[in-house]
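Let me begin by presenting the structure, written as structure tokens, before commenting on it.
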Amino acid sequence: MADGVDVQALTAWVREFDRLVAEHEGELTGLDAAIGDADHGANMHRGLTAAVAALAGTPPADPAALLKQVGMTLISKVGGASGPLYGTLFLRMAGAVGTDEVDAATYARALRAGLDGVLARGKAEPGDKTMVDALGPACDALDQEMAAGGSLAEALRRAATAARQGRDATVPMLARKGRASYLGERSIGHQDPGATTTALLLDAAVTTLGGEG
Amino acid sequence: MKKLINDPADVVSDALRGMAAAHPELRVDHENRVVFRGDAPVQGKVGLVSGGGSGHEPMHGGFVGPGMLDAACAGEVFTSPVPDQMVAATKGVDGGAGVLHIVKNYTGDVLNFEMAAEMVAAESGTEVVSVVTDDDVAVQDSLYTAGRRGVGVTVLLEKIVGAAAEQGRPLSGVADLARKVNAQGRSMGMALTSCTVPAAGRPTFDLSDDEMEIGVGIHGEPGRRRVPLAPAREIAEMLLEPVLGDLDFTGSDGALVFVNGLGGTPLLELYLLFADVTAVLEKAGVRIARSLVGSYMTSLDMAGCSVTLLKVDDDLVRLWDAPVRTPGLRWGT
């Protein structure tokens, strides 16, 4: 587990992400009510529960198949903007891993590919008050730690910390994408729900992929 | 919350069952939540697909039928449908002449329709062109927002473009016409009360008895400003001023004028407002070529209205007058 991630670990990651989103559903919906349309928590919860059920129903053979299945389920079940964005994240990760166990460097590359996919799909830039503001710093932290020869566990811890800092940094930002952008100046002072969910995705990775579960 | 519902979670599927029962000329795919024309796909005709969150009825499902849409996808209340629905709709209306996606400019709708178009392209040879409506002048259109929202013009576009497709115009012509209609239309809305989303159970925002929200969106998004309640003739001025300021409607062919109710405002008040709108337009030198008054793009039970102006020419007027047979709009033979 220290240097590789298999189908079981990735399944655990998705299950833990689902559990964290369910646990925080009220908080996510509350954040979305302030600057969006109050459905982010419910939509993500519905999609992830379906993804977990699909994984249990037909367990994928390899990491690429697993990530693809999760991505497709999220696209089919979430709706709103989050469905295509989180779905694209997992689909691009699927394209960046093979059928073998995923080593630390591949995982980092895959998450970066996921970020690139989200950027291409949503056309958001860093600082627009979106999930990119948590995912971008997480990828950077992961790459830095891997370049320094750290373990996946340590790299994921750093990435999760960076994601949480990125999430917190969205509070003073002016929203430039999505429904929050209609608020203009009034979006300032609110934490972005999408970035909050992304921080949970990285928190889930620490306990399930970093060998600390 | 007092609503005619069984369970907040079942509102959309229950309503679709009712639609299917009331309109046997339509075919409802309950699994994918798509309303089809009963005779879809129509061979040789460009297929028109739209869709969006539910809660705006009769848009879009109520605009399915000869002379308008071939299929409409119903999302959860105020939530975009998912690509699977749009793929099913697209395949179901492909009569060999291509399919036009009519998408209102909201991030969720745009992203899901985009993915659906990619999935259709990857799976089949069906040609899909997308046109995005963005006519709401309440939103500043800049690099720093998601852009203007698609509102009232969408209804007019679906009617006009639907008539063109019915005449057998090719996909490129139908798409160009759709872009032209969007470019020539502008809208502005206002709310007297909030709406109540069934799943939320309480009003989306608070508005006191002596206030109104100018520039509100159709999902209860906040508007440009909150001001004291005013007489209808002042509201007509407040709504038309930014519309007339954004585009010149004084051309000789005039404008199609659409006063739309948001769901909780009686037709009596909409006609009253239309009279006041007429007075403002007369003063501004805008000729009224055609008009539409009623609740066609609603925001659940919100009280309030929107005003849409569409600059028209002979072609657009002829297409507007062409026969249409849908639950929501019906005229001609």
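Chain labels follow the order of the structure tokens: the first chain is A, the next B, and so on; residue numbering restarts at 1 in every chain, and ligands are counted from 1 in their shown order.
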
Tell me, as a tab-separated table (two decimals) with C-alpha atoms, in the first residue's frame, which residues lie within 10 Å of segment 174-184 of chain A, counting only C-alpha atoms; anything in the same chain fewer than 6 positions away does not count.
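out_19.tsv was written with the following content:
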chain	number	residue	atom	x	y	z
A	32	ASP	CA	-24.61	26.61	-1.68
A	33	ALA	CA	-27.76	28.31	-0.36
A	34	ALA	CA	-25.68	31.41	0.37
A	35	ILE	CA	-24.25	31.85	-3.14
A	36	GLY	CA	-25.89	29.24	-5.37
A	37	ASP	CA	-29.11	27.28	-5.40
A	81	ALA	CA	-22.58	21.73	-12.97
A	122	GLY	CA	-15.54	24.38	-16.73
A	123	LYS	CA	-13.20	27.03	-18.19
A	124	ALA	CA	-12.51	28.33	-14.70
A	125	GLU	CA	-9.18	29.81	-13.75
A	127	GLY	CA	-9.03	32.55	-8.25
A	128	ASP	CA	-12.52	32.27	-9.77
A	129	LYS	CA	-13.88	30.80	-6.51
A	130	THR	CA	-14.45	27.25	-7.71
A	190	HIS	CA	-18.74	33.04	1.44
A	192	ASP	CA	-17.20	28.00	-2.15
B	106	TYR	CA	-26.69	28.33	-16.99
B	107	THR	CA	-23.42	26.58	-16.16
B	108	GLY	CA	-25.08	23.23	-15.37
B	138	ALA	CA	-30.19	41.95	-15.48
B	139	VAL	CA	-26.86	40.14	-15.53
B	140	GLN	CA	-23.72	41.91	-16.58
B	141	ASP	CA	-22.24	40.02	-19.53
B	142	SER	CA	-18.53	40.04	-18.96
B	143	LEU	CA	-15.53	37.78	-18.56
B	144	TYR	CA	-16.21	37.94	-14.85
B	145	THR	CA	-19.61	36.29	-14.77
B	146	ALA	CA	-21.13	33.12	-16.19
B	147	GLY	CA	-22.71	35.51	-18.68
B	148	ARG	CA	-26.30	36.53	-19.20
B	149	ARG	CA	-28.97	34.01	-18.27
B	217	GLY	CA	-33.65	35.17	-12.14
B	221	GLU	CA	-31.42	34.18	-7.92
B	222	PRO	CA	-31.13	37.69	-6.54
B	223	GLY	CA	-31.69	40.56	-8.90
B	224	ARG	CA	-30.03	43.88	-9.55

| Hey, what's within 12 Å of segment 147-158 of chain A if we count only C-alpha atoms and toss same-chain stuff fewer than 3 positions away? As a VMD selection string, please? | chain A and resid 1 to 5 102 to 109 111 137 to 144 161 to 165 199 201 to 213

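Using only C-alpha atoms, the smallest distance between any of B:Arg33, B:Arg318, B:Lys91, B:His23 and Val161 of chain B comes from B:Arg318.
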
Need to verify the contact set: segment 236-240 of chain B, 8 Å, only C-alpha atoms, exclusion of same-chain residues closer than 2 positions in sequence. Can you return it as a compact mmCIF listing (two decimals) with C-alpha atoms, in the first residue's frame?
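Produced file part-v7.txt, reproduced below:
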# COMPACT_ATOMS: atom_id res chain seq x y z
CA MET B 188 -35.79 41.68 -17.76
CA GLY B 189 -37.75 40.23 -14.83
CA MET B 190 -39.01 41.21 -11.39
CA ILE B 214 -35.84 43.96 -9.88
CA GLY B 215 -33.77 41.78 -12.20
CA ALA B 232 -47.45 48.67 -12.44
CA ARG B 233 -46.77 51.61 -14.76
CA GLU B 234 -43.53 52.34 -12.91
CA PRO B 242 -32.49 48.41 -19.40
CA VAL B 243 -34.01 46.37 -22.28
CA LEU B 244 -34.40 49.42 -24.55
CA LEU B 273 -48.94 45.38 -17.10
CA ASP B 276 -48.44 49.91 -19.30
CA VAL B 277 -45.68 48.28 -21.37
CA VAL B 280 -43.79 52.95 -22.60
CA SER B 306 -40.67 39.35 -17.06
CA VAL B 307 -40.79 41.43 -20.21

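Interatomic distance, atom CA of Ala89 of chain B to atom CA of Gly168 of chain B: 19.9 Å.
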
| What gap, in Å, lies between atom CA of Val103 of chain B and atom CA of Met212 of chain B? | 28.7 Å

| request: Could you please write out, as an NGL selection string, every residue of segment 65-168 of chain A that DSSP assigns to helix (DSSP H, G or I)? | output: :A and (65-77 or 82-96 or 104-122 or 132-147 or 152-168)

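Of the residues under consideration (B:Val35, B:Leu267, B:Leu310, B:Met115), B:Met115 shows the shortest atom-to-atom contact distance to chain A when counting only C-alpha atoms.
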
Can you tell me which residues surround Asp135 of chain B at a distance of at most 7 Å, considering only C-alpha atoms, apart from same-chain residues fewer than 2 positions away, and format the answer as a PDB file with N, CA and C atoms, in the first residue's frame?
ATOM      1  N   THR B 133     -29.054  30.320 -25.322  1.00  0.00           N
ATOM      2  CA  THR B 133     -29.790  31.579 -25.195  1.00  0.00           C
ATOM      3  C   THR B 133     -29.265  32.357 -23.983  1.00  0.00           C
ATOM      4  N   VAL B 137     -30.919  40.896 -19.472  1.00  0.00           N
ATOM      5  CA  VAL B 137     -30.072  42.084 -19.303  1.00  0.00           C
ATOM      6  C   VAL B 137     -29.804  42.414 -17.832  1.00  0.00           C
ATOM      7  N   ARG B 148     -24.869  36.308 -19.351  1.00  0.00           N
ATOM      8  CA  ARG B 148     -26.296  36.531 -19.198  1.00  0.00           C
ATOM      9  C   ARG B 148     -27.057  35.211 -19.148  1.00  0.00           C
ATOM     10  N   ARG B 149     -28.141  35.212 -18.374  1.00  0.00           N
ATOM     11  CA  ARG B 149     -28.967  34.007 -18.268  1.00  0.00           C
ATOM     12  C   ARG B 149     -29.913  33.903 -19.465  1.00  0.00           C
ATOM     13  N   GLY B 150     -30.261  32.670 -19.788  1.00  0.00           N
ATOM     14  CA  GLY B 150     -31.268  32.449 -20.830  1.00  0.00           C
ATOM     15  C   GLY B 150     -32.639  32.491 -20.198  1.00  0.00           C
ATOM     16  N   VAL B 151     -33.485  33.426 -20.638  1.00  0.00           N
ATOM     17  CA  VAL B 151     -34.842  33.520 -20.089  1.00  0.00           C
ATOM     18  C   VAL B 151     -35.867  33.614 -21.224  1.00  0.00           C
ATOM     19  N   VAL B 153     -36.566  34.844 -24.073  1.00  0.00           N
ATOM     20  CA  VAL B 153     -36.326  34.644 -25.507  1.00  0.00           C
ATOM     21  C   VAL B 153     -36.370  33.164 -25.879  1.00  0.00           C
ATOM     22  N   ASN B 182     -31.846  34.789 -30.791  1.00  0.00           N
ATOM     23  CA  ASN B 182     -31.241  35.085 -29.495  1.00  0.00           C
ATOM     24  C   ASN B 182     -30.568  36.447 -29.494  1.00  0.00           C
ATOM     25  N   GLY B 185     -33.083  39.458 -29.136  1.00  0.00           N
ATOM     26  CA  GLY B 185     -34.027  39.513 -28.033  1.00  0.00           C
ATOM     27  C   GLY B 185     -33.373  39.911 -26.720  1.00  0.00           C
ATOM     28  N   ARG B 186     -34.140  40.611 -25.882  1.00  0.00           N
ATOM     29  CA  ARG B 186     -33.641  41.005 -24.558  1.00  0.00           C
ATOM     30  C   ARG B 186     -34.780  40.891 -23.552  1.00  0.00           C
ATOM     31  N   SER B 187     -34.457  40.535 -22.305  1.00  0.00           N
ATOM     32  CA  SER B 187     -35.474  40.357 -21.268  1.00  0.00           C
ATOM     33  C   SER B 187     -35.037  40.949 -19.936  1.00  0.00           C
TER      34      SER B 187
END

| query | Residues at most 9 Å from Phe274 of chain B, counting only C-alpha atoms, excluding those fewer than 2 positions away in the same chain, as a ChimeraX atom specification? | reply | /B:236,257-259,269-272,276-279,293,307

Could you take the residues named above and write them with N, CA and C atoms, as an mmCIF file, in the first residue's frame?
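Written file, again-v7.cif:
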data_model
loop_
_atom_site.group_PDB
_atom_site.id
_atom_site.type_symbol
_atom_site.label_atom_id
_atom_site.label_comp_id
_atom_site.auth_asym_id
_atom_site.auth_seq_id
_atom_site.Cartn_x
_atom_site.Cartn_y
_atom_site.Cartn_z
ATOM 1 N N ALA B 236 -43.300 48.754 -15.285
ATOM 2 C CA ALA B 236 -43.110 48.620 -16.738
ATOM 3 C C ALA B 236 -41.912 49.447 -17.183
ATOM 4 N N VAL B 257 -43.585 41.495 -28.494
ATOM 5 C CA VAL B 257 -43.542 41.878 -27.080
ATOM 6 C C VAL B 257 -44.172 40.772 -26.241
ATOM 7 N N PHE B 258 -43.412 40.277 -25.287
ATOM 8 C CA PHE B 258 -43.808 39.112 -24.495
ATOM 9 C C PHE B 258 -43.824 39.494 -23.020
ATOM 10 N N VAL B 259 -45.014 39.550 -22.435
ATOM 11 C CA VAL B 259 -45.134 39.757 -20.989
ATOM 12 C C VAL B 259 -45.433 38.401 -20.369
ATOM 13 N N GLU B 269 -53.434 40.722 -13.965
ATOM 14 C CA GLU B 269 -52.331 41.659 -13.712
ATOM 15 C C GLU B 269 -51.357 41.699 -14.885
ATOM 16 N N LEU B 270 -51.196 40.552 -15.567
ATOM 17 C CA LEU B 270 -50.275 40.532 -16.710
ATOM 18 C C LEU B 270 -50.809 41.405 -17.843
ATOM 19 N N TYR B 271 -52.127 41.346 -18.086
ATOM 20 C CA TYR B 271 -52.715 42.219 -19.115
ATOM 21 C C TYR B 271 -52.634 43.684 -18.704
ATOM 22 N N LEU B 272 -52.847 43.930 -17.410
ATOM 23 C CA LEU B 272 -52.728 45.303 -16.899
ATOM 24 C C LEU B 272 -51.320 45.836 -17.169
ATOM 25 N N ASP B 276 -49.461 48.941 -19.693
ATOM 26 C CA ASP B 276 -48.436 49.908 -19.296
ATOM 27 C C ASP B 276 -47.169 49.770 -20.138
ATOM 28 N N VAL B 277 -46.836 48.520 -20.505
ATOM 29 C CA VAL B 277 -45.681 48.277 -21.371
ATOM 30 C C VAL B 277 -45.918 48.943 -22.735
ATOM 31 N N THR B 278 -47.136 48.787 -23.236
ATOM 32 C CA THR B 278 -47.497 49.392 -24.520
ATOM 33 C C THR B 278 -47.278 50.897 -24.508
ATOM 34 N N ALA B 279 -47.675 51.531 -23.406
ATOM 35 C CA ALA B 279 -47.521 52.985 -23.301
ATOM 36 C C ALA B 279 -46.050 53.386 -23.336
ATOM 37 N N VAL B 293 -48.958 37.222 -24.087
ATOM 38 C CA VAL B 293 -49.171 37.542 -22.668
ATOM 39 C C VAL B 293 -49.634 36.280 -21.954
ATOM 40 N N VAL B 307 -40.435 40.841 -18.924
ATOM 41 C CA VAL B 307 -40.795 41.427 -20.212
ATOM 42 C C VAL B 307 -39.675 41.121 -21.191
#

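Using only C-alpha atoms, the residues found no farther than 8 Å from Leu115 of chain A, other than those of its own chain fewer than 2 positions away, are A:Leu89, A:Leu111, A:Arg112, A:Ala113, A:Gly117, A:Val118, A:Leu119, A:Val132, A:Leu135, A:Gly136, A:Cys139.
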
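Picture a line from atom CA of Gly44 of chain B to atom CA of Ser124 of chain B; it runs 17.1 Å.
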
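Among A:Met44, A:Ala110, A:Val70, A:Ala9, the residue with the shortest atom-to-atom distance to Thr197 of chain A, counting only C-alpha atoms, is A:Met44.
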
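Distance annotation: of B:Leu229, B:Ala9, B:Met302, B:Val317, the residue with the minimal separation from Arg290 of chain B is B:Val317; atom set is only C-alpha atoms.
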